[in-house]
Structures are given as C-alpha cells and as structure tokens.
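Chemist: I'm passing along structure.tsv; it holds TSV, C-alpha atoms and all ligand atoms.
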```
chain	number	residue	atom	x	y	z
A	1	MET	CA	-12.09	20.98	31.63
A	2	GLN	CA	-11.45	17.97	29.39
A	3	VAL	CA	-8.98	18.09	26.50
A	4	ARG	CA	-8.00	15.65	23.76
A	5	ARG	CA	-4.41	14.85	22.94
A	6	ILE	CA	-2.52	12.69	20.44
A	7	VAL	CA	0.07	10.29	21.83
A	8	LEU	CA	2.57	8.02	20.10
A	9	ALA	CA	1.13	4.48	20.10
A	10	LYS	CA	4.01	2.84	18.21
A	11	ARG	CA	7.08	3.87	16.26
A	12	PRO	CA	6.21	4.45	12.57
A	13	THR	CA	7.82	2.44	9.79
A	14	GLY	CA	7.97	4.49	6.58
A	15	MET	CA	5.18	7.03	6.23
A	16	PRO	CA	3.56	7.59	9.66
A	17	GLU	CA	0.00	6.21	9.73
A	18	GLU	CA	-3.03	7.06	11.89
A	19	SER	CA	-2.56	3.68	13.62
A	20	ASP	CA	0.85	4.85	14.95
A	21	PHE	CA	-1.04	7.33	17.20
A	22	ARG	CA	-3.82	7.24	19.76
A	23	ILE	CA	-6.26	9.97	20.83
A	24	GLU	CA	-6.71	10.27	24.59
A	25	THR	CA	-9.07	12.38	26.69
A	26	LEU	CA	-7.61	14.07	29.71
A	27	GLU	CA	-9.19	15.92	32.64
A	28	LEU	CA	-7.14	19.04	33.36
A	29	PRO	CA	-6.40	19.92	37.00
A	30	ALA	CA	-7.77	23.08	38.65
A	31	LEU	CA	-5.48	26.08	38.21
A	32	ALA	CA	-2.79	26.65	40.83
A	33	GLU	CA	-1.24	30.05	41.54
A	34	GLY	CA	0.98	31.13	38.59
A	35	GLN	CA	-0.85	28.90	36.07
A	36	VAL	CA	-3.12	29.61	33.12
A	37	LEU	CA	-5.73	27.57	31.27
A	38	LEU	CA	-5.10	27.50	27.52
A	39	GLU	CA	-7.28	26.70	24.55
A	40	THR	CA	-5.28	25.69	21.47
A	41	MET	CA	-5.78	27.76	18.33
A	42	TYR	CA	-3.04	26.51	15.98
A	43	VAL	CA	-0.87	23.39	16.13
A	44	SER	CA	2.38	23.16	14.18
A	45	VAL	CA	3.34	19.98	12.35
A	46	ASP	CA	7.07	19.82	11.66
A	47	PRO	CA	9.44	17.41	9.91
A	48	TYR	CA	11.77	17.12	12.97
A	49	MET	CA	8.93	15.31	14.77
A	50	ARG	CA	9.47	12.31	12.47
A	51	GLY	CA	12.92	11.63	13.96
A	52	ARG	CA	11.53	11.96	17.48
A	53	MET	CA	8.80	9.44	16.60
A	54	ALA	CA	11.45	7.05	15.29
A	55	GLY	CA	13.25	7.20	18.64
A	56	LEU	CA	16.32	8.99	17.26
A	57	ALA	CA	18.31	10.99	19.82
A	58	GLU	CA	19.20	13.84	17.44
A	59	PRO	CA	18.56	16.65	16.76
A	60	ALA	CA	15.81	16.57	19.45
A	61	PRO	CA	15.17	13.96	22.16
A	62	PRO	CA	12.89	11.05	21.17
A	63	TYR	CA	9.22	10.72	22.06
A	64	ASN	CA	8.63	7.64	24.18
A	65	ILE	CA	5.66	5.39	23.45
A	66	GLY	CA	2.65	6.95	25.18
A	67	ASP	CA	4.12	10.48	25.06
A	68	VAL	CA	2.01	13.33	23.72
A	69	ILE	CA	3.54	14.68	20.49
A	70	THR	CA	4.98	17.90	21.87
A	71	GLY	CA	5.71	20.85	19.61
A	72	SER	CA	4.80	24.48	19.02
A	73	VAL	CA	1.25	25.78	19.41
A	74	ILE	CA	-0.49	29.14	19.57
A	75	ALA	CA	-3.10	29.19	22.33
A	76	ARG	CA	-5.57	31.60	23.91
A	77	VAL	CA	-5.63	32.19	27.67
A	78	VAL	CA	-9.17	31.28	28.86
A	79	ASP	CA	-8.51	31.47	32.62
A	80	SER	CA	-5.57	32.91	34.52
A	81	ARG	CA	-4.02	32.76	37.96
A	82	GLU	CA	-0.85	34.41	36.64
A	83	GLY	CA	-0.66	38.18	37.08
A	84	SER	CA	1.19	38.85	33.84
A	85	LEU	CA	-1.35	37.03	31.62
A	86	SER	CA	-5.01	37.93	31.10
A	87	VAL	CA	-7.96	36.10	29.60
A	88	GLY	CA	-7.83	36.58	25.83
A	89	ASP	CA	-4.02	36.87	25.59
A	90	LEU	CA	-2.45	34.78	22.81
A	91	VAL	CA	0.66	32.82	23.73
A	92	HIS	CA	3.22	30.54	22.14
A	93	ALA	CA	3.53	27.21	24.02
A	94	GLY	CA	5.24	23.88	23.48
A	95	TYR	CA	2.72	21.29	24.69
A	96	GLY	CA	1.95	20.07	21.18
A	97	TRP	CA	-0.89	18.01	19.72
A	98	GLN	CA	-3.48	18.75	22.39
A	99	THR	CA	-6.71	20.81	22.36
A	100	GLY	CA	-5.80	22.71	25.54
A	101	ALA	CA	-3.57	22.63	28.60
A	102	VAL	CA	-2.75	24.05	31.99
A	103	ALA	CA	0.65	25.76	31.86
A	104	LYS	CA	2.90	27.83	34.09
A	105	GLY	CA	2.91	31.46	32.98
A	106	GLY	CA	6.71	31.54	32.92
A	107	THR	CA	6.89	28.85	30.20
A	108	LEU	CA	4.88	30.92	27.70
A	109	GLN	CA	5.72	33.77	25.32
A	110	LEU	CA	3.15	36.35	24.30
A	111	VAL	CA	2.45	36.29	20.58
A	112	GLU	CA	3.71	39.51	19.01
A	113	THR	CA	3.12	39.49	15.27
A	114	GLY	CA	2.25	43.18	14.75
A	115	SER	CA	0.08	43.58	11.66
A	116	LEU	CA	0.45	39.88	10.73
A	117	PRO	CA	-1.98	37.19	11.94
A	118	ALA	CA	-1.14	35.24	15.12
A	119	SER	CA	-0.40	32.13	13.03
A	120	ALA	CA	2.68	33.91	11.62
A	121	ALA	CA	4.32	33.25	15.01
A	122	LEU	CA	4.58	29.59	13.90
A	123	GLY	CA	5.61	30.44	10.34
A	124	VAL	CA	7.46	33.41	8.91
A	125	LEU	CA	8.15	34.87	12.39
A	126	GLY	CA	8.55	31.46	14.02
A	127	SER	CA	11.15	28.73	13.81
A	128	THR	CA	10.69	28.01	10.10
A	129	GLY	CA	11.13	31.67	9.12
A	130	LEU	CA	14.09	31.98	11.46
A	131	THR	CA	15.66	28.84	9.97
A	132	GLY	CA	15.31	30.19	6.44
A	133	TYR	CA	16.76	33.56	7.47
A	134	CYS	CA	19.58	32.32	9.72
A	135	GLY	CA	20.51	29.38	7.49
A	136	MET	CA	20.74	31.57	4.42
A	137	THR	CA	22.51	34.58	6.01
A	138	GLN	CA	24.90	32.64	8.27
A	139	VAL	CA	25.68	29.53	6.21
A	140	GLY	CA	24.70	30.31	2.61
A	141	ARG	CA	26.00	33.92	2.80
A	142	PRO	CA	24.87	34.84	-0.76
A	143	LYS	CA	26.50	37.76	-2.52
A	144	PRO	CA	24.89	39.98	-5.17
A	145	GLY	CA	24.90	38.27	-8.55
A	146	GLU	CA	25.60	34.78	-7.20
A	147	THR	CA	23.38	31.85	-8.11
A	148	VAL	CA	21.50	30.32	-5.20
A	149	VAL	CA	19.53	27.07	-5.52
A	150	VAL	CA	16.93	26.16	-2.88
A	151	SER	CA	15.32	22.71	-2.67
A	152	GLY	CA	11.97	22.33	-0.94
A	153	ALA	CA	11.60	25.92	-2.13
A	154	ALA	CA	7.81	26.21	-1.78
A	155	GLY	CA	7.81	24.99	1.83
A	156	ALA	CA	7.94	27.04	5.02
A	157	VAL	CA	11.74	27.21	5.38
A	158	GLY	CA	12.61	27.13	1.68
A	159	SER	CA	10.28	29.95	0.65
A	160	VAL	CA	11.84	32.26	3.25
A	161	ALA	CA	15.42	31.14	2.51
A	162	GLY	CA	14.98	31.80	-1.21
A	163	GLN	CA	13.51	35.25	-0.68
A	164	VAL	CA	16.26	36.18	1.80
A	165	ALA	CA	18.77	35.32	-0.94
A	166	ARG	CA	16.82	37.38	-3.49
A	167	LEU	CA	16.80	40.35	-1.10
A	168	ALA	CA	20.59	39.95	-0.78
A	169	GLY	CA	20.83	40.47	-4.54
A	170	ALA	CA	21.40	36.87	-5.62
A	171	ARG	CA	19.80	35.05	-8.58
A	172	VAL	CA	17.55	32.44	-7.01
A	173	VAL	CA	16.45	29.14	-8.50
A	174	GLY	CA	13.83	27.16	-6.60
A	175	ILE	CA	13.06	23.45	-6.85
A	176	ALA	CA	9.63	22.00	-6.02
A	177	SER	CA	7.37	19.08	-6.94
A	178	THR	CA	4.70	20.72	-9.11
A	179	ASP	CA	4.30	23.36	-11.81
A	180	GLN	CA	1.77	25.15	-9.56
A	181	LYS	CA	4.38	25.53	-6.80
A	182	CYS	CA	6.96	26.68	-9.36
A	183	SER	CA	4.59	29.35	-10.74
A	184	LEU	CA	4.02	30.69	-7.22
A	185	LEU	CA	7.77	30.83	-6.55
A	186	VAL	CA	8.40	32.97	-9.64
A	187	GLY	CA	5.11	34.91	-9.73
A	188	ARG	CA	4.60	35.77	-6.05
A	189	MET	CA	7.96	35.23	-4.37
A	190	GLY	CA	10.26	36.70	-7.00
A	191	PHE	CA	12.44	33.66	-7.65
A	192	ASP	CA	14.32	34.08	-10.94
A	193	ALA	CA	13.45	30.53	-11.98
A	194	ALA	CA	11.73	27.51	-10.49
A	195	LEU	CA	12.00	23.92	-11.65
A	196	ASN	CA	9.75	20.91	-11.17
A	197	TYR	CA	11.96	18.01	-10.03
A	198	ASN	CA	9.37	15.53	-11.38
A	199	ALA	CA	9.80	16.81	-14.95
A	200	SER	CA	11.80	14.44	-17.17
A	201	ASP	CA	14.09	17.29	-18.30
A	202	PHE	CA	14.83	18.47	-14.71
A	203	PRO	CA	18.63	17.84	-14.85
A	204	ASP	CA	18.96	19.68	-18.20
A	205	ALA	CA	16.68	22.51	-17.04
A	206	LEU	CA	18.73	22.95	-13.86
A	207	ARG	CA	21.99	23.11	-15.80
A	208	ALA	CA	20.44	25.69	-18.13
A	209	ALA	CA	19.18	27.75	-15.16
A	210	CYS	CA	22.65	27.78	-13.56
A	211	PRO	CA	25.07	28.42	-16.45
A	212	GLN	CA	27.85	29.66	-14.11
A	213	GLY	CA	27.25	26.87	-11.59
A	214	VAL	CA	25.64	26.98	-8.14
A	215	ASP	CA	27.30	29.31	-5.60
A	216	VAL	CA	24.93	28.48	-2.75
A	217	TYR	CA	22.85	25.34	-2.39
A	218	PHE	CA	20.27	25.56	0.43
A	219	ASP	CA	19.12	21.98	0.80
A	220	ASN	CA	15.90	20.94	2.52
A	221	VAL	CA	15.33	17.58	0.85
A	222	GLY	CA	18.53	15.63	0.01
A	223	GLY	CA	18.23	12.39	-2.03
A	224	PRO	CA	17.81	12.44	-5.82
A	225	VAL	CA	17.22	16.22	-5.96
A	226	SER	CA	20.55	16.92	-4.25
A	227	ASN	CA	22.29	14.33	-6.42
A	228	THR	CA	21.23	16.47	-9.40
A	229	VAL	CA	22.25	19.81	-7.84
A	230	LEU	CA	25.57	18.93	-6.20
A	231	PRO	CA	27.59	18.17	-9.36
A	232	LEU	CA	26.80	21.74	-10.47
A	233	ILE	CA	28.36	23.51	-7.48
A	234	ALA	CA	30.79	26.29	-8.37
A	235	HIS	CA	34.29	26.83	-6.97
A	236	GLY	CA	33.98	28.21	-3.45
A	237	ALA	CA	30.32	27.14	-3.13
A	238	ARG	CA	28.53	27.03	0.24
A	239	ILE	CA	26.15	24.14	0.79
A	240	ALA	CA	23.73	24.76	3.66
A	241	VAL	CA	22.28	21.40	4.70
A	242	CYS	CA	19.07	22.44	6.38
A	243	GLY	CA	17.02	19.26	6.07
A	244	GLN	CA	16.71	15.92	4.30
A	245	MET	CA	12.97	15.43	3.73
A	246	SER	CA	13.56	12.55	1.29
A	247	GLN	CA	15.34	10.54	3.99
A	248	TYR	CA	13.16	10.88	7.10
A	249	ASN	CA	10.81	7.96	6.31
A	250	LEU	CA	13.59	5.61	5.16
A	251	GLU	CA	14.86	2.77	7.34
A	252	GLN	CA	18.24	2.86	5.53
A	253	LEU	CA	19.59	6.32	4.63
A	254	GLU	CA	20.76	6.81	1.05
A	255	THR	CA	24.44	7.74	0.79
A	256	THR	CA	26.21	9.93	-1.71
A	257	PRO	CA	29.89	8.90	-1.54
A	258	ALA	CA	31.15	11.39	-4.14
A	259	ILE	CA	30.56	14.44	-1.91
A	260	PRO	CA	34.03	14.65	-0.24
A	261	THR	CA	35.73	14.56	-3.63
A	262	LEU	CA	33.35	17.20	-4.95
A	263	LEU	CA	34.07	19.51	-1.98
A	264	LEU	CA	37.79	18.93	-2.41
A	265	ASN	CA	37.80	19.59	-6.16
A	266	ARG	CA	35.65	22.73	-5.94
A	267	GLY	CA	37.03	24.17	-2.68
A	268	ALA	CA	33.46	24.15	-1.40
A	269	VAL	CA	32.08	23.91	2.14
A	270	MET	CA	29.09	21.99	3.38
A	271	GLU	CA	27.61	22.92	6.74
A	272	GLY	CA	24.62	21.70	8.72
A	273	VAL	CA	22.13	24.38	9.73
A	274	GLN	CA	21.27	24.19	13.44
A	275	LEU	CA	18.79	26.90	14.29
A	276	MET	CA	19.69	26.91	17.99
A	277	ASN	CA	23.22	28.06	17.12
A	278	TYR	CA	21.84	31.40	15.95
A	279	ARG	CA	19.88	32.37	19.09
A	280	ALA	CA	21.91	35.57	19.37
A	281	ILE	CA	20.47	36.90	16.10
A	282	TYR	CA	16.81	35.84	16.59
A	283	PRO	CA	15.67	39.37	17.58
A	284	GLU	CA	17.39	40.92	14.53
A	285	ALA	CA	16.08	38.12	12.28
A	286	ARG	CA	12.47	38.43	13.52
A	287	ALA	CA	12.55	42.22	13.15
A	288	GLN	CA	13.93	41.97	9.61
A	289	LEU	CA	11.43	39.29	8.55
A	290	ALA	CA	8.55	41.30	10.04
A	291	GLU	CA	9.67	44.46	8.25
A	292	TRP	CA	10.12	42.75	4.86
A	293	THR	CA	6.76	40.98	5.19
A	294	ALA	CA	4.88	44.12	6.23
A	295	ARG	CA	6.47	46.04	3.30
A	296	GLY	CA	5.50	43.30	0.85
A	297	ASP	CA	9.15	42.51	0.02
A	298	LEU	CA	8.76	39.00	1.42
A	299	HIS	CA	5.67	37.00	0.53
A	300	TYR	CA	4.63	34.25	2.91
A	301	GLU	CA	2.14	31.44	2.50
A	302	GLU	CA	0.33	29.15	4.93
A	303	THR	CA	-1.55	25.93	4.34
A	304	LEU	CA	-4.27	25.66	7.01
A	305	ILE	CA	-5.88	22.33	7.80
A	306	GLU	CA	-9.05	22.50	9.89
A	307	GLY	CA	-9.63	20.32	12.93
A	308	PHE	CA	-7.83	18.42	15.65
A	309	HIS	CA	-8.84	15.10	14.04
A	310	ARG	CA	-6.77	15.99	10.94
A	311	ILE	CA	-3.40	16.54	12.67
A	312	VAL	CA	-1.89	13.20	11.59
A	313	GLU	CA	-3.19	13.71	8.04
A	314	ALA	CA	-1.55	17.16	8.07
A	315	PHE	CA	1.72	15.66	9.31
A	316	GLN	CA	1.64	13.15	6.41
A	317	MET	CA	1.12	16.04	3.96
A	318	LEU	CA	4.65	17.28	4.73
A	319	PHE	CA	5.99	14.09	3.15
A	320	LYS	CA	3.53	14.13	0.24
A	321	GLY	CA	4.21	17.76	-0.68
A	322	GLY	CA	0.60	18.72	0.12
A	323	ASN	CA	1.57	22.10	1.58
A	324	ILE	CA	2.60	25.48	0.26
A	325	GLY	CA	4.43	27.53	2.89
A	326	LYS	CA	3.93	26.80	6.58
A	327	LEU	CA	1.61	23.87	7.32
A	328	LEU	CA	-0.64	24.45	10.35
A	329	VAL	CA	-3.71	22.86	11.87
A	330	ARG	CA	-6.41	25.19	13.17
A	331	ILE	CA	-8.06	23.79	16.28
A	332	SER	CA	-10.20	26.80	17.28
A	333	GLU	CA	-10.79	30.36	16.08
B	401	LIG	N1	18.13	22.68	10.57
B	401	LIG	C1	17.15	23.25	11.25
B	401	LIG	O1	17.38	23.90	12.29
B	401	LIG	C2	15.77	23.10	10.73
B	401	LIG	C3	14.67	23.79	11.31
B	401	LIG	C4	13.40	23.65	10.72
B	401	LIG	C5	13.24	22.82	9.60
B	401	LIG	N2	14.33	22.17	9.09
B	401	LIG	C6	14.23	21.33	7.89
B	401	LIG	O2	13.83	22.15	6.83
B	401	LIG	C7	13.13	21.35	5.86
B	401	LIG	C8	11.81	22.02	5.52
B	401	LIG	O3	10.99	22.04	6.69
B	401	LIG	P1	9.58	22.80	6.66
B	401	LIG	O4	9.04	22.75	8.03
B	401	LIG	O5	9.76	24.09	5.97
B	401	LIG	O6	8.71	21.83	5.74
B	401	LIG	P2	8.11	22.22	4.31
B	401	LIG	O7	9.24	22.50	3.39
B	401	LIG	O8	7.07	23.25	4.50
B	401	LIG	O9	7.39	20.86	3.91
B	401	LIG	C9	8.13	19.77	3.48
B	401	LIG	C10	8.31	19.79	1.94
B	401	LIG	O10	9.30	18.84	1.62
B	401	LIG	C11	9.11	18.41	0.30
B	401	LIG	N3	9.32	16.95	0.24
B	401	LIG	C12	8.70	16.00	0.96
B	401	LIG	N4	9.18	14.78	0.65
B	401	LIG	C13	10.11	14.99	-0.32
B	401	LIG	C14	10.96	14.12	-1.08
B	401	LIG	N5	10.95	12.79	-0.89
B	401	LIG	N6	11.79	14.68	-2.00
B	401	LIG	C15	11.81	16.02	-2.20
B	401	LIG	N7	11.03	16.88	-1.51
B	401	LIG	C16	10.21	16.37	-0.59
B	401	LIG	C17	7.66	18.76	-0.08
B	401	LIG	O11	7.73	19.78	-1.07
B	401	LIG	P3	7.58	19.38	-2.64
B	401	LIG	O12	6.10	19.27	-2.87
B	401	LIG	O13	8.21	20.49	-3.35
B	401	LIG	O14	8.27	18.05	-2.81
B	401	LIG	C18	7.08	19.32	1.20
B	401	LIG	O15	6.16	20.35	0.97
B	401	LIG	C19	12.96	19.97	6.48
B	401	LIG	O16	13.96	19.13	5.96
B	401	LIG	C20	13.19	20.21	7.95
B	401	LIG	O17	13.69	19.08	8.60
B	401	LIG	C21	15.56	22.31	9.63
```
If you took the structure in this file and wrote it as structure tokens, what would it be?

Modeler:
Amino acid sequence: MQVRRIVLAKRPTGMPEESDFRIETLELPALAEGQVLLETMYVSVDPYMRGRMAGLAEPAPPYNIGDVITGSVIARVVDSREGSLSVGDLVHAGYGWQTGAVAKGGTLQLVETGSLPASAALGVLGSTGLTGYCGMTQVGRPKPGETVVVSGAAGAVGSVAGQVARLAGARVVGIASTDQKCSLLVGRMGFDAALNYNASDFPDALRAACPQGVDVYFDNVGGPVSNTVLPLIAHGARIAVCGQMSQYNLEQLETTPAIPTLLLNRGAVMEGVQLMNYRAIYPEARAQLAEWTARGDLHYEETLIEGFHRIVEAFQMLFKGGNIGKLLVRISE
C-alpha cells in the first residue's frame, strides 16, 4: 500500500508556509508478526509543532529536515498481524502527518471515547483537554468566588481550562479575538464574561470585568494580551503559563521585564504548565472530563478541516485564530 506524508523541507521563518514542507509518497512494507496496517482518520495540528519545526530542543525534540511531522492521529486498523487488534479497531498513534502507516501493536492505544466521537480522543479527552484540566486544577487551583482569566479561551486548551474553573465555582472571564468567539464562550460554555482583545476598549473592559483583580490567570498566548492582564493580578494570584501563541512565530521573543516586581509586590506565583508532570492524574482527569461532557456540564467544540492536502493550511489557522475548540484534519471517514 502507498501512503502520502508531509515532511519538513526547511525551517520556517515567521508564519510556516506550504513551501516549508514537501509531500512524499511512500510504499509501506508487508506486515510482520505483531504489526498492523493503519489508515489515518484524523490528524492533530498542534502549536508545539512550531518549536519542533524551528529546531528548538524544548519542550519536545526538534524535527530534522526531511523528517515526517510526527504527532497524534486517530487511525483505523485495516489489516492486522497483532492478536490484540482487529480490523476496524480505532487506535491512537503518533506517526503524524501521514495518510497511513505500519505500526507495532504495542505502540498503539485503543480509542475509548464512550458516547463521544472518536475525534474527542484528540480533543477534550486527549492532550488538549488534559492540559486544560491539569493546568487549571494543579497550577491555577481556583477557589469558589475567585476571578479566573483565560487567554486563548475559545481554543482547545483554553475552552476546557475556563470551564474547569467555572465548575470549581470561580467567576471566569475569557479572552479571544472575535465577538463570535466571545458569544460562544458566554452562551455555550458558561463563561461569566468574554472580551475581544482586538476591541479598542479591551483594557478598560478587562478592568471592569475584574473589579477585585485577577486571582488566576491561565495564559495560552502571552504578548500584548498578557501585558494587559498581568497588571491586574490580585494578591496571592496564581499565573499558569500554559502557552505563548503570540511568540511562536517570532525570531526574537518579546520580553516583559516588570514581571518579577509584579510577583514580588503581589505575593503571586507564576508556574509553567507541563502536561507530562501530571501523568499520575490522567485517568482521573479523563474520567472527569468524560463525565462532565456526557452530562452536558462541559461543552466542547471542534473545527474540522477536510483533506490531507489542507494540513499545512490547518496548522497556519492556529496562528490566525481560524479555529474554535480543537483543530483537526479529517483524512478519511
Ligand atoms: N504546556 C503544555 O503542556 C501544553 C499542552 C498543549 C498546548 N499548550 C499550549 O496551549 C496553547 C493553546 O493550544 P491549543 O492546542 O489549545 O491551540 P488553540 O488555542 O486551539 O489555537 C490557538 C489559538 O491561539 C490564539 N492565537 C493565535 N495567535 C495569537 C496571537 N498572536 N495573540 C493572541 N492569541 C493568538 C488563536 O485564538 P484567537 O482567535 O482567540 O486569537 C488560536 O485559535 C498554546 O500556547 C499551546 O502551546 C501547552
């Protein structure tokens, strides 16, 4: 069987372009004992891939030039020489931007999403949902009545993080790029307020939405949005630094030198969220997210892009704000 895959042709400068990648066709080998043949259904595009494309060593190892862009996929078993997996099983694999693959059975996890669609294994029940849950419960630690601000609030991680805080009894204020995203945050996800950071009155509106200050800031974007939020942190605030979307395409990172003084003056803490640190609570987190979602207490969204040829376009959408909730590319039904 032949498959297509997307490899890194050169390291992107600024926004990744189609010309930074190359599509290759690959003949898969015949199955050996213990292997399965997989057909890709959904490919995940994720911000951390940008650092790997740039050749950065953290938080994940870099892609070399010529490497396939590895990452999470959901695939269907179409042939099996592995006793524990049958044709038709859906699995979670890590081979990335490729239409299919041969994989060892032991490297795959069966998709278990209960009443939710299989794609949820890459979203609310996958690493983005887990990051929102673990980052908010372990680093943000919101208490009832506290004010929690979430940037990148309409995205995959932010939408879960904000709702986890709401379910903990906090007042939640989301920040996003459009009025449409803000309406969804309040109307469907139960945020108490949502603010468009492109509106000219954004700083005043944020101050008005947080009259007692910000007890928890869950930050996915950094840059100018964070420069507006951080001066409002309350005494004893927790700042969960989950991501810095505004910085990933920059050659020179923006710096905010006033932060140490701010932390000192307000007795606040700032902590980086590293999902891997919370492995011990993944089962509890997945079970809780599944229960809330099935009960309708947690609303999740997906943006589905159709077709292997649109993977790079989908990846760019992360940086253009083109997605609501988890951004996925559907390769086959
Ligand atoms: N620490 C961890 O373990 C971990 C794990 C997973 C993800 N993350 C981080 O979590 C964050 C969200 O990831 P995700 O997968 O859920 O992506 P996402 O939020 O679904 O998509 C990215 C969003 O970022 C916003 N954005 C893009 N460029 C921006 C800019 N210059 N300024 C402000 N906002 C910008 C856009 O929303 P708007 O339209 O609202 O601007 C876009 O929809 C990322 O920073 C990612 O690196 C961290």

Chemist: List every protein, DNA or RNA residue that has an atom no more than 12 Å from (24.5, 31.2, 16.2) in the file's coordinate frame, counting only C-alpha atoms, and report them as a PyMOL selection string.

Modeler: chain A and resi 130-131+133-135+137-139+273-282+285

Chemist: Go through the chains and note each residue within 7 Å of ligand LIG 401 (chain B), using only C-alpha atoms and all ligand atoms, then give the set as number ranges by chain.

Modeler: A: 46-48, 127-128, 131, 152-158, 175-178, 220-221, 223, 225, 242-247, 272-276, 318-327

Chemist: For Gln98 of chain A, work out the shell of residues within 7 Å, counting only C-alpha atoms and skipping chain neighbours fewer than 2 positions away, then give it as an mmCIF file with C-alpha atoms, keeping the file's coordinate frame.

Modeler:
```cif
data_model
loop_
_atom_site.group_PDB
_atom_site.id
_atom_site.type_symbol
_atom_site.label_atom_id
_atom_site.label_comp_id
_atom_site.auth_asym_id
_atom_site.auth_seq_id
_atom_site.Cartn_x
_atom_site.Cartn_y
_atom_site.Cartn_z
ATOM 1 C CA VAL A 3 -8.980 18.090 26.500
ATOM 2 C CA ARG A 4 -8.000 15.650 23.760
ATOM 3 C CA ARG A 5 -4.410 14.850 22.940
ATOM 4 C CA ILE A 6 -2.520 12.690 20.440
ATOM 5 C CA GLY A 96 1.950 20.070 21.180
ATOM 6 C CA GLY A 100 -5.800 22.710 25.540
#
```

Chemist: Between atom CA of Leu26 of chain A and atom CA of Gly106 of chain A, what distance in Å does the model show, to one decimal?

Modeler: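 Atom CA of Leu26 of chain A sits 22.8 Å away from atom CA of Gly106 of chain A.
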
Chemist: Which residues of segment 7-53 of chain A have any atom within 10 Å of an atom in segment 295-313 of chain A when counting all atoms listed in the file, and what is the closest pair of atoms for each, with the distance in Å to one decimal? Order the rows by chain and rising number and write it as a Markdown table.

Modeler:
```
| residue | atom | partner | partner_atom | distance |
| --- | --- | --- | --- | --- |
| A:Pro16 | CA | A:Val312 | CA | 8.1 |
| A:Glu17 | CA | A:Val312 | CA | 7.5 |
| A:Glu18 | CA | A:Val312 | CA | 6.3 |
| A:Ser19 | CA | A:Val312 | CA | 9.8 |
| A:Asp20 | CA | A:Val312 | CA | 9.4 |
| A:Phe21 | CA | A:Val312 | CA | 8.2 |
| A:Ile23 | CA | A:His309 | CA | 8.9 |
| A:Thr40 | CA | A:Phe308 | CA | 9.7 |
| A:Met41 | CA | A:Phe308 | CA | 9.9 |
| A:Tyr42 | CA | A:Leu304 | CA | 9.1 |
| A:Val43 | CA | A:Ile311 | CA | 8.1 |
| A:Ser44 | CA | A:Ile311 | CA | 8.9 |
| A:Val45 | CA | A:Ile311 | CA | 7.6 |
```

Chemist: Calculated over only C-alpha atoms, which of the candidates A:Ser332, A:Asn249, A:Gln212, A:Asn196 has the smallest distance to Ala237 of chain A?

Modeler: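 Nearest to Ala237 of chain A: A:Gln212.
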
Chemist: Looking at A:Asp79, A:Val102, A:Gly94, A:Val160, which one is nearest to Gln2 of chain A, with distances taken over all atoms listed in the file?

Modeler: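 For Gln2 of chain A, the nearest of the given residues is A:Val102.
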
Chemist: Set the distance at 8 Å and use all atoms listed in the file: which residues neighbour His235 of chain A once local chain neighbours fewer than 2 positions away are removed? I'd like the list as a list in words.

Modeler: Asp215, Ile233, Ala237, Arg266, Gly267 and Ala268 of chain A

Chemist: Keeping C-alpha atoms for every residue in the selection just given, could you write it to a file as a CSV table (one decimal), keeping the file's coordinate frame?

Modeler:
```
chain,number,residue,atom,x,y,z
A,215,ASP,CA,27.3,29.3,-5.6
A,233,ILE,CA,28.4,23.5,-7.5
A,237,ALA,CA,30.3,27.1,-3.1
A,266,ARG,CA,35.6,22.7,-5.9
A,267,GLY,CA,37.0,24.2,-2.7
A,268,ALA,CA,33.5,24.2,-1.4
```

Chemist: What is the atom CA of Tyr95 of chain A to atom CA of Gly114 of chain A distance in Å?

Modeler: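 Spanning atom CA of Tyr95 of chain A to atom CA of Gly114 of chain A is a straight-line distance of 24.0 Å.
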
Chemist: From (-8.6, 34.7, 27.1), in the file's coordinates, out to 9 Å: which residues are reached, counting all atoms listed in the file? Answer as a PyMOL selection string.

Modeler: chain A and resi 37-39+76-80+85-90
